[in-house]
>>> print(open('final38.cif').read())   # mmCIF, C-alpha atoms and all ligand atoms
data_final
#
loop_
_atom_site.label_atom_id
_atom_site.label_comp_id
_atom_site.auth_asym_id
_atom_site.auth_seq_id
_atom_site.Cartn_x
_atom_site.Cartn_y
_atom_site.Cartn_z
CA MET A 1 -72.53 -102.38 -83.85
CA LYS A 2 -71.31 -99.30 -82.04
CA ILE A 3 -72.97 -98.57 -78.75
CA ALA A 4 -72.94 -95.50 -76.55
CA ILE A 5 -72.92 -96.65 -72.97
CA PHE A 6 -73.27 -94.47 -69.96
CA GLN A 7 -73.89 -94.79 -66.30
CA THR A 8 -76.09 -92.21 -64.66
CA LEU A 9 -76.83 -90.70 -61.32
CA GLY A 10 -79.31 -93.50 -60.77
CA ALA A 11 -76.63 -95.87 -59.64
CA ILE A 12 -75.23 -93.32 -57.21
CA LEU A 13 -78.61 -92.57 -55.70
CA PHE A 14 -79.25 -96.24 -55.34
CA ALA A 15 -75.91 -96.85 -53.66
CA SER A 16 -77.02 -94.50 -50.89
CA ALA A 17 -80.56 -95.83 -50.77
CA VAL A 18 -79.51 -99.44 -50.57
CA SER A 19 -77.36 -98.92 -47.51
CA ALA A 20 -80.23 -97.19 -45.75
CA GLN A 21 -83.02 -99.53 -46.71
CA SER A 22 -81.34 -102.66 -48.14
CA MET A 23 -83.89 -103.21 -50.88
CA PRO A 24 -83.62 -106.55 -52.65
CA SER A 25 -83.94 -105.81 -56.36
CA ALA A 26 -85.71 -109.15 -56.85
CA LEU A 27 -88.79 -107.52 -55.32
CA THR A 28 -88.73 -104.77 -57.91
CA ARG A 29 -90.94 -105.11 -60.95
CA ILE A 30 -91.92 -102.96 -63.90
CA VAL A 31 -95.41 -101.54 -63.52
CA PRO A 32 -96.82 -101.61 -67.09
CA GLU A 33 -99.77 -99.33 -66.31
CA ARG A 34 -97.35 -96.64 -65.11
CA THR A 35 -95.03 -97.13 -68.07
CA GLU A 36 -95.68 -94.84 -71.00
CA ILE A 37 -94.22 -93.36 -74.11
CA GLY A 38 -95.06 -89.68 -74.29
CA MET A 39 -93.71 -86.30 -75.23
CA SER A 40 -91.87 -83.53 -73.36
CA GLU A 41 -93.00 -79.89 -73.46
CA SER A 42 -90.36 -79.30 -76.10
CA GLY A 43 -91.81 -82.10 -78.23
CA ASP A 44 -89.10 -84.69 -77.57
CA PRO A 45 -90.10 -88.31 -77.00
CA VAL A 46 -90.02 -89.30 -73.32
CA ILE A 47 -90.10 -92.89 -72.16
CA GLY A 48 -91.28 -93.28 -68.57
CA ILE A 49 -90.74 -96.69 -67.00
CA GLY A 50 -92.80 -97.27 -63.85
CA LEU A 51 -91.09 -99.39 -61.18
CA SER A 52 -92.40 -100.71 -57.88
CA ARG A 53 -89.19 -99.55 -56.19
CA PRO A 54 -86.04 -97.64 -57.20
CA LEU A 55 -83.04 -99.63 -58.40
CA PRO A 56 -79.83 -99.06 -60.40
CA TRP A 57 -80.15 -98.66 -64.13
CA ARG A 58 -77.97 -98.25 -67.19
CA LEU A 59 -78.79 -97.04 -70.68
CA GLU A 60 -77.42 -97.93 -74.08
CA THR A 61 -78.34 -96.53 -77.47
CA SER A 62 -77.54 -98.05 -80.80
CA ALA A 63 -77.90 -96.73 -84.36
CA THR A 64 -77.94 -100.06 -86.21
CA PRO A 65 -80.58 -101.10 -85.51
CA PRO A 66 -81.95 -97.96 -83.81
CA THR A 67 -82.65 -99.01 -80.23
CA LEU A 68 -82.60 -97.82 -76.66
CA THR A 69 -81.82 -100.51 -74.09
CA VAL A 70 -82.44 -100.07 -70.38
CA GLU A 71 -80.66 -102.51 -68.10
CA PHE A 72 -81.74 -103.19 -64.53
CA ASN A 73 -80.53 -105.58 -61.89
CA SER A 74 -82.75 -108.64 -62.07
CA LEU A 75 -86.44 -107.74 -61.86
CA SER A 76 -89.32 -109.88 -60.68
CA GLY A 77 -92.77 -110.09 -62.23
CA GLY A 78 -91.92 -111.68 -65.57
CA ASP A 79 -92.03 -110.26 -69.08
CA VAL A 80 -94.26 -107.19 -69.34
CA ALA A 81 -93.01 -105.91 -72.72
CA ASP A 82 -96.27 -106.75 -74.51
CA GLN A 83 -98.29 -104.81 -71.90
CA ILE A 84 -96.58 -101.52 -72.75
CA THR A 85 -98.61 -99.31 -75.08
CA LEU A 86 -96.54 -98.40 -78.12
CA ALA A 87 -96.28 -94.85 -79.47
CA GLU A 88 -93.92 -92.88 -81.73
CA PRO A 89 -90.95 -93.36 -81.95
CA VAL A 90 -91.12 -96.82 -80.35
CA GLU A 91 -92.06 -99.64 -82.74
CA ALA A 92 -91.57 -102.59 -80.42
CA VAL A 93 -90.46 -103.46 -76.89
CA ARG A 94 -88.60 -106.61 -75.92
CA GLN A 95 -87.59 -107.83 -72.48
CA GLN A 96 -84.69 -110.21 -71.87
CA GLN A 97 -83.29 -111.87 -68.78
CA ALA A 98 -79.57 -112.70 -68.62
CA ASP A 99 -76.82 -112.88 -66.00
CA ASN A 100 -79.07 -111.54 -63.23
CA LYS A 101 -79.86 -108.54 -65.41
CA THR A 102 -83.10 -107.53 -67.02
CA ARG A 103 -82.75 -105.72 -70.33
CA VAL A 104 -85.69 -103.86 -71.85
CA THR A 105 -85.06 -102.86 -75.46
CA PHE A 106 -87.11 -100.20 -77.24
CA TRP A 107 -86.92 -100.49 -81.03
CA LEU A 108 -86.99 -96.99 -82.51
CA THR A 109 -88.04 -95.62 -85.90
CA ALA A 110 -84.74 -93.70 -86.22
CA PRO A 111 -81.44 -93.37 -84.32
CA MET A 112 -81.83 -91.30 -81.15
CA ARG A 113 -79.64 -90.33 -78.27
CA VAL A 114 -80.48 -89.67 -74.63
CA ALA A 115 -80.80 -85.96 -73.87
CA GLN A 116 -81.72 -86.44 -70.23
CA ALA A 117 -82.52 -89.29 -67.88
CA GLY A 118 -83.37 -89.55 -64.22
CA MET A 119 -85.24 -91.60 -61.65
CA GLN A 120 -87.86 -89.98 -59.47
CA VAL A 121 -88.80 -91.77 -56.28
CA ASP A 122 -92.22 -91.19 -54.80
CA ASN A 123 -92.06 -90.96 -51.01
CA PRO A 124 -93.29 -92.68 -48.96
CA ASP A 125 -94.47 -95.63 -51.07
CA GLN A 126 -91.07 -95.80 -52.85
CA ALA A 127 -92.56 -96.32 -56.30
CA ALA A 128 -90.19 -94.98 -58.93
CA ILE A 129 -90.27 -93.73 -62.49
CA LEU A 130 -87.25 -93.74 -64.76
CA SER A 131 -87.75 -90.94 -67.31
CA ILE A 132 -85.67 -90.92 -70.47
CA ARG A 133 -85.89 -87.99 -72.88
CA LEU A 134 -84.68 -88.77 -76.38
CA VAL A 135 -83.65 -86.51 -79.23
CA PRO A 136 -82.96 -87.46 -82.85
CA ASP A 137 -79.35 -88.36 -83.50
CA PRO A 138 -78.68 -87.18 -87.07
CA ASP A 139 -75.01 -88.21 -86.93
CA PRO A 140 -74.98 -91.41 -84.87
CA GLU A 141 -71.54 -92.55 -86.02
CA SER A 142 -69.69 -89.63 -84.47
CA ASP A 143 -71.90 -89.74 -81.41
CA ALA A 144 -71.44 -93.42 -80.71
CA VAL A 145 -68.52 -93.02 -78.36
CA ALA A 146 -68.66 -94.59 -74.94
CA GLY A 147 -68.68 -91.99 -72.22
CA GLN A 148 -70.12 -89.03 -74.12
CA GLY A 149 -73.56 -89.67 -72.83
CA MET A 150 -72.30 -89.70 -69.28
CA ASP A 151 -71.25 -86.09 -69.47
CA ALA A 152 -74.50 -85.08 -71.09
CA VAL A 153 -76.60 -86.73 -68.43
CA THR A 154 -74.48 -85.71 -65.47
CA ASN A 155 -74.51 -82.06 -66.44
CA HIS A 156 -78.01 -81.88 -67.89
CA SER A 157 -76.54 -79.34 -70.26
CA GLY A 158 -74.86 -81.32 -72.98
CA ASP A 159 -71.44 -79.78 -72.45
CA ALA A 160 -68.53 -81.85 -71.29
CA ALA A 161 -67.50 -79.66 -68.35
CA ARG A 162 -67.77 -81.22 -64.91
CA LEU A 163 -70.26 -79.78 -62.49
CA VAL A 164 -68.47 -77.46 -60.06
CA VAL A 165 -69.69 -77.57 -56.46
CA MET A 166 -68.33 -74.84 -54.17
CA LEU A 167 -68.58 -75.76 -50.49
CA ASP A 168 -68.12 -73.00 -47.94
CA PRO A 169 -67.14 -73.92 -44.38
CA GLY A 170 -68.27 -70.91 -42.32
CA HIS A 171 -65.99 -68.68 -40.20
CA GLY A 172 -62.29 -69.50 -39.60
CA GLY A 173 -59.21 -67.74 -38.26
CA ASP A 174 -60.09 -65.13 -35.63
CA ASP A 175 -63.76 -65.64 -36.45
CA ARG A 176 -64.59 -68.73 -34.39
CA GLY A 177 -68.36 -68.63 -35.04
CA ALA A 178 -70.53 -70.07 -32.29
CA GLN A 179 -68.69 -71.50 -29.28
CA TYR A 180 -70.44 -73.87 -26.90
CA GLY A 181 -69.35 -76.81 -24.77
CA GLY A 182 -65.74 -76.51 -25.85
CA ILE A 183 -66.64 -76.69 -29.54
CA ASP A 184 -65.85 -73.96 -32.05
CA GLU A 185 -68.21 -73.73 -35.01
CA ALA A 186 -65.23 -72.80 -37.24
CA ASP A 187 -63.46 -76.12 -36.55
CA LEU A 188 -66.60 -78.24 -36.59
CA VAL A 189 -67.83 -77.02 -39.97
CA LEU A 190 -64.36 -77.28 -41.54
CA ASP A 191 -64.08 -80.96 -40.58
CA PHE A 192 -67.64 -81.64 -41.69
CA THR A 193 -67.22 -79.85 -45.02
CA ARG A 194 -64.00 -81.73 -45.79
CA ALA A 195 -65.82 -85.03 -45.21
CA LEU A 196 -68.70 -83.85 -47.41
CA ARG A 197 -66.23 -82.88 -50.14
CA ASP A 198 -64.55 -86.31 -50.00
CA ARG A 199 -67.90 -88.07 -50.25
CA LEU A 200 -69.18 -85.93 -53.13
CA ALA A 201 -65.92 -86.18 -55.05
CA ARG A 202 -65.85 -89.96 -54.60
CA ASP A 203 -69.51 -90.70 -55.41
CA THR A 204 -70.34 -88.13 -58.05
CA GLY A 205 -67.13 -87.21 -59.85
CA PHE A 206 -68.11 -83.54 -59.50
CA ASP A 207 -65.39 -80.92 -59.21
CA VAL A 208 -65.82 -80.12 -55.50
CA ARG A 209 -63.98 -77.14 -54.02
CA LEU A 210 -63.76 -75.39 -50.67
CA THR A 211 -63.69 -71.63 -50.02
CA ARG A 212 -61.20 -72.29 -47.23
CA GLN A 213 -58.98 -75.35 -46.91
CA GLU A 214 -57.75 -74.66 -43.40
CA ASP A 215 -58.38 -72.61 -40.30
CA GLY A 216 -57.88 -69.12 -41.71
CA PHE A 217 -59.98 -66.00 -42.14
CA VAL A 218 -61.76 -65.57 -45.48
CA SER A 219 -64.12 -62.62 -45.87
CA LEU A 220 -67.72 -63.20 -46.88
CA TYR A 221 -67.24 -61.34 -50.18
CA GLU A 222 -64.11 -63.36 -50.92
CA ARG A 223 -66.13 -66.56 -50.53
CA VAL A 224 -68.66 -65.42 -53.11
CA SER A 225 -65.85 -64.23 -55.42
CA GLN A 226 -64.22 -67.65 -55.24
CA ALA A 227 -67.46 -69.30 -56.30
CA ARG A 228 -67.86 -66.92 -59.22
CA GLU A 229 -64.23 -67.25 -60.33
CA ALA A 230 -64.57 -71.04 -60.27
CA ASP A 231 -67.75 -70.66 -62.37
CA ALA A 232 -69.44 -72.79 -59.72
CA ASP A 233 -72.76 -74.44 -60.59
CA VAL A 234 -73.89 -74.51 -56.98
CA PHE A 235 -72.75 -72.94 -53.69
CA ILE A 236 -73.38 -74.59 -50.31
CA SER A 237 -72.31 -72.83 -47.12
CA ILE A 238 -72.04 -74.95 -43.96
CA HIS A 239 -72.68 -73.50 -40.48
CA ALA A 240 -73.93 -74.52 -37.05
CA ASP A 241 -76.66 -72.41 -35.48
CA SER A 242 -76.98 -70.90 -32.03
CA VAL A 243 -79.49 -68.94 -29.99
CA LEU A 244 -78.91 -66.71 -26.98
CA ARG A 245 -82.01 -67.96 -25.20
CA GLY A 246 -84.35 -70.90 -25.47
CA GLN A 247 -83.84 -74.46 -26.62
CA ALA A 248 -84.29 -74.21 -30.40
CA ARG A 249 -82.88 -77.21 -32.20
CA GLY A 250 -82.66 -78.98 -35.54
CA ALA A 251 -81.11 -78.45 -38.96
CA SER A 252 -82.30 -75.82 -41.43
CA VAL A 253 -81.42 -74.47 -44.87
CA TYR A 254 -81.37 -70.77 -45.73
CA THR A 255 -81.86 -69.15 -49.09
CA LEU A 256 -81.52 -65.47 -49.91
CA ARG A 257 -84.29 -63.18 -48.76
CA ARG A 258 -84.67 -60.23 -51.08
CA ASP A 259 -86.22 -56.92 -50.06
CA GLY A 260 -89.97 -57.05 -50.17
CA GLU A 261 -90.11 -60.78 -49.72
CA ASP A 262 -92.33 -62.09 -46.95
CA PRO A 263 -90.18 -61.91 -43.82
CA LEU A 264 -92.21 -64.66 -42.17
CA ASN A 265 -90.32 -67.91 -41.88
CA SER A 266 -87.11 -65.90 -42.09
CA TYR A 267 -84.32 -65.33 -39.61
CA LEU A 268 -86.80 -63.20 -37.68
CA ASP A 269 -89.04 -66.16 -36.98
CA GLY A 270 -88.06 -66.57 -33.36
CA THR A 271 -84.49 -67.76 -33.43
CA ARG A 272 -82.22 -64.82 -32.97
CA PRO A 273 -78.96 -65.44 -34.77
CA ARG A 274 -75.75 -64.79 -32.90
CA GLY A 275 -73.26 -62.10 -33.74
CA ASP A 276 -71.81 -63.74 -36.83
CA LEU A 277 -75.06 -63.68 -38.75
CA ILE A 278 -75.97 -60.20 -37.57
CA THR A 279 -72.58 -58.98 -38.80
CA GLN A 280 -73.35 -60.40 -42.21
CA LEU A 281 -76.68 -58.59 -42.29
CA ASP A 282 -74.98 -55.32 -41.39
CA LEU A 283 -72.79 -55.58 -44.47
CA THR A 284 -75.73 -54.79 -46.74
CA GLY A 285 -74.41 -51.21 -46.96
CA HIS A 286 -71.59 -52.46 -49.17
CA THR A 287 -73.93 -52.91 -52.10
CA ASP A 288 -74.72 -49.72 -53.97
CA ASP A 289 -78.05 -49.09 -55.71
CA VAL A 290 -76.88 -49.97 -59.19
CA ALA A 291 -75.33 -53.21 -58.04
CA THR A 292 -78.51 -54.09 -56.15
CA ALA A 293 -80.61 -53.51 -59.25
CA LEU A 294 -78.35 -55.73 -61.35
CA LEU A 295 -78.35 -58.33 -58.61
CA ASP A 296 -82.14 -58.38 -58.47
CA LEU A 297 -82.43 -58.93 -62.20
CA SER A 298 -80.22 -61.98 -62.29
CA GLN A 299 -81.48 -63.34 -58.99
CA ARG A 300 -84.97 -63.45 -60.39
CA THR A 301 -83.91 -66.58 -62.25
CA THR A 302 -81.54 -68.04 -59.67
CA SER A 303 -83.71 -67.66 -56.59
CA PRO A 304 -86.33 -70.31 -57.46
CA ARG A 305 -83.54 -72.79 -58.12
CA SER A 306 -81.93 -71.99 -54.76
CA LYS A 307 -85.28 -72.62 -53.13
CA THR A 308 -85.85 -75.93 -54.91
CA LEU A 309 -82.34 -76.93 -53.82
CA ALA A 310 -83.12 -76.01 -50.20
CA HIS A 311 -86.37 -77.98 -50.46
CA SER A 312 -84.58 -81.02 -51.88
CA LEU A 313 -81.89 -80.91 -49.16
CA VAL A 314 -84.48 -80.59 -46.39
CA GLY A 315 -86.48 -83.48 -47.86
CA ALA A 316 -83.39 -85.69 -47.99
CA MET A 317 -82.56 -84.77 -44.38
CA ALA A 318 -86.06 -85.79 -43.32
CA ASP A 319 -85.63 -89.09 -45.19
CA GLU A 320 -82.37 -89.72 -43.33
CA GLY A 321 -84.04 -89.03 -39.98
CA VAL A 322 -82.08 -85.82 -39.33
CA VAL A 323 -83.75 -83.66 -36.67
CA LEU A 324 -85.09 -80.54 -38.40
CA TYR A 325 -85.85 -77.06 -37.13
CA LYS A 326 -89.61 -76.34 -36.89
CA HIS A 327 -89.49 -74.28 -40.12
CA PRO A 328 -86.45 -75.82 -41.80
CA GLU A 329 -86.55 -73.74 -45.01
CA LYS A 330 -85.56 -70.23 -43.98
CA LEU A 331 -84.81 -66.92 -45.65
CA ALA A 332 -82.10 -64.39 -44.78
CA ASN A 333 -80.12 -61.68 -46.51
CA PHE A 334 -76.73 -63.32 -45.97
CA VAL A 335 -73.83 -62.03 -48.03
CA VAL A 336 -72.65 -65.53 -48.96
CA LEU A 337 -76.01 -66.24 -50.63
CA ARG A 338 -75.79 -63.26 -52.95
CA ALA A 339 -73.91 -64.65 -55.96
CA PRO A 340 -76.41 -63.51 -58.57
CA ASP A 341 -75.99 -66.38 -61.00
CA ILE A 342 -75.21 -69.36 -58.75
CA PRO A 343 -77.89 -71.30 -56.85
CA SER A 344 -76.80 -70.79 -53.24
CA VAL A 345 -77.91 -72.19 -49.89
CA LEU A 346 -76.64 -72.02 -46.32
CA VAL A 347 -77.03 -75.19 -44.27
CA GLU A 348 -77.25 -74.94 -40.49
CA LEU A 349 -76.37 -78.41 -39.22
CA GLY A 350 -78.20 -77.80 -35.95
CA PHE A 351 -77.90 -75.67 -32.82
CA LEU A 352 -74.53 -75.76 -31.06
CA SER A 353 -76.28 -73.93 -28.23
CA ASN A 354 -78.54 -76.95 -27.66
CA PRO A 355 -76.83 -79.80 -25.75
CA ALA A 356 -78.81 -82.52 -27.56
CA ASP A 357 -78.04 -81.03 -30.99
CA ARG A 358 -74.41 -80.52 -29.98
CA ALA A 359 -74.08 -84.20 -29.11
CA LEU A 360 -75.60 -85.17 -32.48
CA ILE A 361 -73.62 -82.77 -34.66
CA THR A 362 -70.32 -83.97 -33.22
CA ASP A 363 -71.26 -87.65 -33.57
CA PRO A 364 -69.57 -89.38 -36.55
CA ASP A 365 -72.66 -91.52 -37.28
CA TRP A 366 -74.90 -88.47 -37.40
CA GLN A 367 -72.37 -86.68 -39.61
CA ARG A 368 -72.39 -89.61 -42.03
CA ARG A 369 -76.19 -89.48 -42.22
CA MET A 370 -76.14 -85.73 -42.80
CA ILE A 371 -73.54 -86.18 -45.55
CA ASP A 372 -75.75 -88.89 -47.10
CA ALA A 373 -78.68 -86.49 -46.97
CA LEU A 374 -76.81 -83.56 -48.54
CA THR A 375 -75.40 -85.81 -51.28
CA LYS A 376 -78.80 -87.29 -52.11
CA GLY A 377 -80.58 -83.95 -51.87
CA LEU A 378 -78.09 -82.36 -54.26
CA LEU A 379 -78.33 -85.24 -56.76
CA LEU A 380 -82.12 -85.31 -56.67
CA TRP A 381 -82.20 -81.56 -57.24
CA LEU A 382 -79.85 -81.90 -60.21
CA ASP A 383 -81.91 -84.78 -61.55
CA GLY A 384 -85.13 -82.80 -61.24
CA SER A 385 -83.78 -79.64 -62.86
CA ASP A 386 -84.94 -79.29 -66.41
CA ASP A 387 -81.99 -78.54 -68.65
CA THR A 388 -83.69 -75.42 -69.94
CA VAL A 389 -83.20 -73.79 -66.54
CA MET A 390 -79.73 -75.19 -65.93
CA ARG A 391 -76.86 -72.96 -66.96
ZN ZN A 401 -72.03 -69.65 -38.55
#
>>> encode(input="final38.cif", output="structure tokens")
Amino acid sequence: MKIAIFQTLGAILFASAVSAQSMPSALTRIVPERTEIGMSESGDPVIGIGLSRPLPWRLETSATPPTLTVEFNSLSGGDVADQITLAEPVEAVRQQQADNKTRVTFWLTAPMRVAQAGMQVDNPDQAAILSIRLVPDPDPESDAVAGQGMDAVTNHSGDAARLVVMLDPGHGGDDRGAQYGGIDEADLVLDFTRALRDRLARDTGFDVRLTRQEDGFVSLYERVSQAREADADVFISIHADSVLRGQARGASVYTLRRDGEDPLNSYLDGTRPRGDLITQLDLTGHTDDVATALLDLSQRTTSPRSKTLAHSLVGAMADEGVVLYKHPEKLANFVVLRAPDIPSVLVELGFLSNPADRALITDPDWQRRMIDALTKGLLLWLDGSDDTVMR
């Protein structure tokens, strides 16, 4: 019997969650009334397994006999297989307990492979649903190779290329960014971004790159060009905020504001950015009318994805207890957010101009939590993106 085995993002998400909340998997049980076999909008079978809490999972498909097996770390609550309502293409469900693992096997009417799988966690009650979308596998022999499924699930696109994440540490060289309390934004964000890269590369296997590796000047346009040349799937710029007056504090995430968009909740919302951001705004003259028109067309599809990414990152920051700005999802016409075909966000870690924020941002424990949050936020966003909108 040949079996396609693949690990998914679920295990990675759990690895982060378990350190934060130390959830014993023995308390997790399948919730039969929230487990159902249904259909996606595109007509593919979708198996949704309701769980009382999130936990790591692993999927296997087999052609002979046609089955899908979901493996969890040991669950509590006993065998619930006969409480699950059957529907096409599932003929039977069987639950087995072995070696501290619980295996739930769905017997299928024909060989199928996993097109997409992901676990959604419902905050704050922590109930989870593992959704598995299946598609017919007309040629199961050639598909039954360990590892193929991993690429398909990780990329949500079915191609084998690794997801490319372009991280952009702000400023550098003569451009020091904000300077407060003996700290230069340029140095701070470079160190932070390197640590974020190491974490993402280690935990996700993504191809993670930086727009600048060291303390040198890289123009804003060059940063966007690098992302486009790398065919990046996502662009995340890292900065630290500052205000001339007042005691604004907290992290925030910017997405591109296009002309005509509601300027409320934007960079005009009370915090006045320092020179570096104003300089970026002044560069709008570099874009001619034709280029702007082309940009608008392609950004019509990218912009909502940038915003859902910003939303996911902010949500993960809140979960990690990161202090947020009063309106953490902001809009601005920053040059680095203008790659027309790449979901792009700019993360402000907090306000260097605020002594309390400054103490946090430079604290290794806080940095670890922020890196946890950005990693989880990115993974949840990828997990929640339907493959029809992914490139
Ligand atoms: Zn900056």
>>> closest_residue(input="final38.cif", among="A:Ile30, A:Ala117, A:Val218, A:Ile47", to="Gly384 (chain A)", atoms="only C-alpha atoms")
A:Ala117
>>> residues_near_ligand(input="final38.cif", ligand="ligand ZN 401 (chain A)", cutoff="6 Å", atoms="only C-alpha atoms and all ligand atoms", output="ChimeraX atom specification")
/A:170,177,239-240
>>> write_last_selection(input="final38.cif", atoms="C-alpha atoms", output="PDB file, keeping the file's coordinate frame")
ATOM      1  CA  GLY A 170     -68.270 -70.910 -42.320  1.00  0.00           C
ATOM      2  CA  GLY A 177     -68.360 -68.630 -35.040  1.00  0.00           C
ATOM      3  CA  HIS A 239     -72.680 -73.500 -40.480  1.00  0.00           C
ATOM      4  CA  ALA A 240     -73.930 -74.520 -37.050  1.00  0.00           C
TER       5      ALA A 240
END
>>> residues_around(input="final38.cif", residues="Thr255 (chain A)", least_positions_apart="2", cutoff="12 Å", atoms="all atoms listed in the file", output="PyMOL selection string")
chain A and resi 235-237+252-253+257-258+261+265-267+299+302-311+313+328-339+342-348
>>> closest_residue(input="final38.cif", among="A:Asp191, A:Leu51, A:Ser219, A:Val234", to="Leu167 (chain A)", atoms="only C-alpha atoms")
A:Val234
>>> residues_around(input="final38.cif", residues="region 70-75 of chain A", least_positions_apart="3", cutoff="9 Å", atoms="only C-alpha atoms", output="PDB file with C-alpha atoms, in the coordinates of the input")
ATOM      1  CA  SER A  25     -83.940-105.810 -56.360  1.00  0.00           C
ATOM      2  CA  ALA A  26     -85.710-109.150 -56.850  1.00  0.00           C
ATOM      3  CA  LEU A  27     -88.790-107.520 -55.320  1.00  0.00           C
ATOM      4  CA  THR A  28     -88.730-104.770 -57.910  1.00  0.00           C
ATOM      5  CA  ARG A  29     -90.940-105.110 -60.950  1.00  0.00           C
ATOM      6  CA  ILE A  30     -91.920-102.960 -63.900  1.00  0.00           C
ATOM      7  CA  LEU A  55     -83.040 -99.630 -58.400  1.00  0.00           C
ATOM      8  CA  PRO A  56     -79.830 -99.060 -60.400  1.00  0.00           C
ATOM      9  CA  TRP A  57     -80.150 -98.660 -64.130  1.00  0.00           C
ATOM     10  CA  ARG A  58     -77.970 -98.250 -67.190  1.00  0.00           C
ATOM     11  CA  LEU A  59     -78.790 -97.040 -70.680  1.00  0.00           C
ATOM     12  CA  GLU A  60     -77.420 -97.930 -74.080  1.00  0.00           C
ATOM     13  CA  THR A  61     -78.340 -96.530 -77.470  1.00  0.00           C
ATOM     14  CA  GLY A  78     -91.920-111.680 -65.570  1.00  0.00           C
ATOM     15  CA  GLN A  97     -83.290-111.870 -68.780  1.00  0.00           C
ATOM     16  CA  ALA A  98     -79.570-112.700 -68.620  1.00  0.00           C
ATOM     17  CA  ASP A  99     -76.820-112.880 -66.000  1.00  0.00           C
ATOM     18  CA  ASN A 100     -79.070-111.540 -63.230  1.00  0.00           C
ATOM     19  CA  LYS A 101     -79.860-108.540 -65.410  1.00  0.00           C
ATOM     20  CA  THR A 102     -83.100-107.530 -67.020  1.00  0.00           C
ATOM     21  CA  ARG A 103     -82.750-105.720 -70.330  1.00  0.00           C
ATOM     22  CA  VAL A 104     -85.690-103.860 -71.850  1.00  0.00           C
ATOM     23  CA  THR A 105     -85.060-102.860 -75.460  1.00  0.00           C
ATOM     24  CA  PHE A 106     -87.110-100.200 -77.240  1.00  0.00           C
TER      25      PHE A 106
END
>>> closest_residue(input="final38.cif", among="A:Gln226, A:Ile361, A:Leu200, A:Leu256", to="Gly377 (chain A)", atoms="all atoms listed in the file")
A:Leu200
